[in-house]
Protein chains: 2
Amino acid sequence: MSSASRAGRPKASSRETLAEAACELFLERGYDATSVADITQRAGVSRSSFFNYFSSKSDVLWSGLDERITTAVDDLAAVPHDRDGAEVRHILSALVADFAPDSLALAMTNSSAMGLDDELEQDAALRQARLAAALADLARRSGVVSLTADIAAATWAGAVLAAVRAWAESGAGRGSVADRFAEAVRAIARLPWSPPAI
Amino acid sequence: MSSASRAGRPKASSRETLAEAACELFLERGYDATSVADITQRAGVSRSSFFNYFSSKSDVLWSGLDERITTAVDDLAAVPHDRDGAEVRHILSALVADFAPDSLALAMTNSSAMGLDDELEQDAALRQARLAAALADLARRSGVVSLTADIAAATWAGAVLAAVRAWAESGAGRGSVADRFAEAVRAIARLPWSPPAI
DNA sequence: GTCAATAAATGGATTGCGTCTAAGAATACT
DNA sequence: AGTATTCTTAGACGCAATCCATTTATTGAC
């Protein structure tokens, strides 16, 4: 089952091929000016096939992080209600460990060239929200009042996405996302929440 | 300029009329199953006119908060770089002061009946992100490093949206959004950021 | 009253995403 | 050869959102 595809028609393309074609076009024409049909045309498959590989156009950029968030959400849902925060930090660390998605990094560093600034902001917000929802859920299960749970969840989910942003903006070369997240965790502990903070 | 409409064809509808029609339909059939054409038909105007009143379908529910966020974003952009956090808290307090949007509250309390759960989560995330971007910008202008600025911004923006959620979920009857936000601010100061927090 | 100027409504066309379905093509197993 | 399996593909669809040209309703000036 491992190597040989067992039966059926072989795939005519791959996520990688499509993502590559998409990124090229995003750089050439910009995100909005690139249609799904454009992408599949360059990749040499039909438009219909696109949605066999990605669930949406923006998914091309975010599927890597989405998968990781999905497992993190599952893991968070499985945490017993009586655990301490170390487990949560561990799950979030696993989420960012060895994270290096070519397409997202490329898009983030070239967001202005791709005309992607708003798009990326919004897409990032959706991912942050999905993670925050799982975190808030866990916090509530652990007895934290709803309002406080939402706020703490917003902070931690914000830290994850901030780490990704910081990593991408620094050229994605120096330092891993995990490093950035560790930095973020330290920053949270040091946050001056009294007036001078923000 | 105040009362008499100065010239031109009089409006055939209003935001209120359209919002009312929309909410009725959302309750009857659900959000996804309600098209813009359905809304305008019930309101007695053409589909084209809808976009003279709202910029999108979801805007029906969020325009109230959007306007407030817009002024808050403008105010935040105008804050000199050398001010303390009190000014920020003031702007955010103004954002939620006397906030009581009928349609959003209705939608949030009946989100499951309207089949709106996911939709509202996502829409809320976009608003939170818009506010967070302005807050992070200000923090960066004030010399806070980017990563920390993002995290702090996520917390405060999260607090605003959490206040709105808490207010809506409590029936929108007891206590104002402003009260909830004040509660949120106190919660932030009390947040146990070491492990046991979340 | 007539006439411009103005503001809004309207119909219709267009684009693009995302969904769905039925039909076809390529592969492995027997 | 035949069958089950897996994927591709064409095509149609519904809907949101944009755009434009046209029409309708009002105000105010002459």
# chains A, B, ... in the order shown; residues from 1 in each chain; ligands from 1
$ closest_atom_pairs --of "chain C" --to "chain A" --cutoff "9 Å" --atoms "only C-alpha atoms (C1' of nucleotides)" --output "tab-separated table"
residue	atom	partner	partner_atom	distance
C:DG16	C1'	A:Ser35	CA	7.3
C:DC17	C1'	A:Ser56	CA	8.3
C:DG18	C1'	A:Ser56	CA	7.7
C:DA25	C1'	A:Arg9	CA	7.6
C:DA26	C1'	A:Arg9	CA	4.5
C:DT27	C1'	A:Gly8	CA	4.6
C:DA28	C1'	A:Ala7	CA	4.7
C:DC29	C1'	A:Ala7	CA	8.3
$ write_last_selection --atoms "C-alpha atoms (C1' of nucleotides)" --output "compact mmCIF listing (two decimals), in the first residue's frame"
# COMPACT_ATOMS: atom_id res chain seq x y z
C1' DG C 16 -15.83 34.44 -10.98
C1' DC C 17 -16.23 31.10 -7.14
C1' DG C 18 -17.81 26.95 -5.60
C1' DA C 25 -10.56 7.36 -19.34
C1' DA C 26 -6.73 4.91 -17.18
C1' DT C 27 -5.20 1.72 -14.02
C1' DA C 28 -4.95 -2.96 -11.10
C1' DC C 29 -6.75 -7.32 -10.01
$ interface_residues --of "chain B" --to "chain A" --cutoff "8 Å" --atoms "only C-alpha atoms" --output "PyMOL selection string"
chain B and resi 84-86+88+121-122+125-126+128-129+135+138-139+142+144+146-156+158-159+162-163+166+184+187-189+191+193-198
$ write_last_selection --atoms "C-alpha atoms" --output "PDB file, in the first residue's frame"
ATOM      1  CA  ASP B  84       0.219  56.065  26.818  1.00  0.00           C
ATOM      2  CA  GLY B  85      -2.298  53.256  26.739  1.00  0.00           C
ATOM      3  CA  ALA B  86      -5.055  55.213  28.411  1.00  0.00           C
ATOM      4  CA  VAL B  88      -6.235  53.468  23.473  1.00  0.00           C
ATOM      5  CA  GLU B 121     -17.505  33.291  13.608  1.00  0.00           C
ATOM      6  CA  GLN B 122     -15.788  34.196  10.393  1.00  0.00           C
ATOM      7  CA  ALA B 125     -12.868  37.289  12.943  1.00  0.00           C
ATOM      8  CA  LEU B 126     -12.613  39.763  10.085  1.00  0.00           C
ATOM      9  CA  GLN B 128     -11.403  41.604  15.018  1.00  0.00           C
ATOM     10  CA  ALA B 129      -8.557  41.522  12.530  1.00  0.00           C
ATOM     11  CA  LEU B 135      -3.859  48.546  17.188  1.00  0.00           C
ATOM     12  CA  LEU B 138      -0.088  52.077  16.655  1.00  0.00           C
ATOM     13  CA  ALA B 139       1.961  49.871  18.928  1.00  0.00           C
ATOM     14  CA  SER B 142       5.175  53.597  19.545  1.00  0.00           C
ATOM     15  CA  VAL B 144       6.928  48.079  20.341  1.00  0.00           C
ATOM     16  CA  SER B 146       6.385  43.844  15.682  1.00  0.00           C
ATOM     17  CA  LEU B 147       5.830  40.451  17.219  1.00  0.00           C
ATOM     18  CA  THR B 148       4.820  41.858  20.561  1.00  0.00           C
ATOM     19  CA  ALA B 149       2.654  44.464  18.916  1.00  0.00           C
ATOM     20  CA  ASP B 150       0.707  41.789  17.059  1.00  0.00           C
ATOM     21  CA  ILE B 151       0.108  39.805  20.214  1.00  0.00           C
ATOM     22  CA  ALA B 152      -1.007  42.728  22.308  1.00  0.00           C
ATOM     23  CA  ALA B 153      -3.234  43.884  19.495  1.00  0.00           C
ATOM     24  CA  ALA B 154      -4.785  40.452  19.235  1.00  0.00           C
ATOM     25  CA  THR B 155      -5.562  40.536  22.925  1.00  0.00           C
ATOM     26  CA  TRP B 156      -7.265  43.916  22.900  1.00  0.00           C
ATOM     27  CA  GLY B 158     -10.143  39.979  21.053  1.00  0.00           C
ATOM     28  CA  ALA B 159     -11.432  41.667  24.171  1.00  0.00           C
ATOM     29  CA  ALA B 162     -15.439  38.924  23.249  1.00  0.00           C
ATOM     30  CA  ALA B 163     -17.429  41.680  24.919  1.00  0.00           C
ATOM     31  CA  ALA B 166     -20.782  37.912  25.762  1.00  0.00           C
ATOM     32  CA  ALA B 184     -12.879  42.335  29.826  1.00  0.00           C
ATOM     33  CA  ALA B 187      -9.910  40.334  33.075  1.00  0.00           C
ATOM     34  CA  ILE B 188      -6.878  41.229  31.017  1.00  0.00           C
ATOM     35  CA  ALA B 189      -5.180  42.772  34.008  1.00  0.00           C
ATOM     36  CA  LEU B 191      -4.915  37.117  33.343  1.00  0.00           C
ATOM     37  CA  TRP B 193      -0.163  34.210  31.901  1.00  0.00           C
ATOM     38  CA  SER B 194       1.905  31.502  33.433  1.00  0.00           C
ATOM     39  CA  PRO B 195       1.014  27.926  32.552  1.00  0.00           C
ATOM     40  CA  PRO B 196      -2.212  27.494  34.497  1.00  0.00           C
ATOM     41  CA  ALA B 197      -3.791  30.245  32.442  1.00  0.00           C
ATOM     42  CA  ILE B 198      -5.185  28.405  29.538  1.00  0.00           C
TER      43      ILE B 198
END
$ closest_residue --among "D:DT18, D:DT27, D:DT8, D:DT3" --to "chain A" --atoms "only C-alpha atoms (C1' of nucleotides)"
D:DT8
$ interface_residues --of "chain D" --to "chain B" --cutoff "9 Å" --atoms "only C-alpha atoms (C1' of nucleotides)" --output "PyMOL selection string"
chain D and resi 15-17+24-28
$ closest_residue --among "A:Arg47, A:Arg141, A:Arg68, A:His90" --to "DA10 of chain D" --atoms "only C-alpha atoms (C1' of nucleotides)"
A:Arg47
$ atom_distance --atom1 "atom CA of Ala19 of chain B" --atom2 "atom CA of Ser63 of chain B"
10.2 Å
$ atom_distance --atom1 "atom CA of Asp179 of chain B" --atom2 "atom CA of Ser111 of chain B"
22.8 Å
$ select_by_dssp --residues "segment 55-178 of chain B" --states "alpha helix (DSSP H)" --output "ChimeraX atom specification"
/B:59-78,85-96,102-109,111-114,117-141,146-169,177-178
$ residues_around --residues "Ala168 of chain B" --least-positions-apart "3" --cutoff "9 Å" --atoms "only C-alpha atoms (C1' of nucleotides)" --output "list of chain:residue names"
B:Leu104, B:Ala105, B:Leu106, B:Ala107, B:Met108, B:Thr109, B:Ala163, B:Val164, B:Arg165, B:Gly171, B:Ala172, B:Gly173, B:Val177
$ closest_residue --among "A:Thr71, A:Asn110, A:Ser13, A:Ser48" --to "Tyr31 of chain A" --atoms "only C-alpha atoms"
A:Asn110
$ atom_distance --atom1 "atom CA of Leu95 of chain A" --atom2 "atom CA of Val73 of chain A"
9.7 Å
$ residues_around --residues "segment 98-102 of chain A" --least-positions-apart "5" --cutoff "8 Å" --atoms "only C-alpha atoms (C1' of nucleotides)" --output "PDB file with C-alpha atoms, in the first residue's frame"
ATOM      1  CA  GLY A  64      -0.233  23.684   4.898  1.00  0.00           C
ATOM      2  CA  LEU A  65      -1.157  25.682   7.951  1.00  0.00           C
ATOM      3  CA  SER A 176      12.196  29.066  12.131  1.00  0.00           C
ATOM      4  CA  VAL A 177       8.564  29.687  12.934  1.00  0.00           C
ATOM      5  CA  ALA A 178       9.140  27.677  16.075  1.00  0.00           C
TER       6      ALA A 178
END
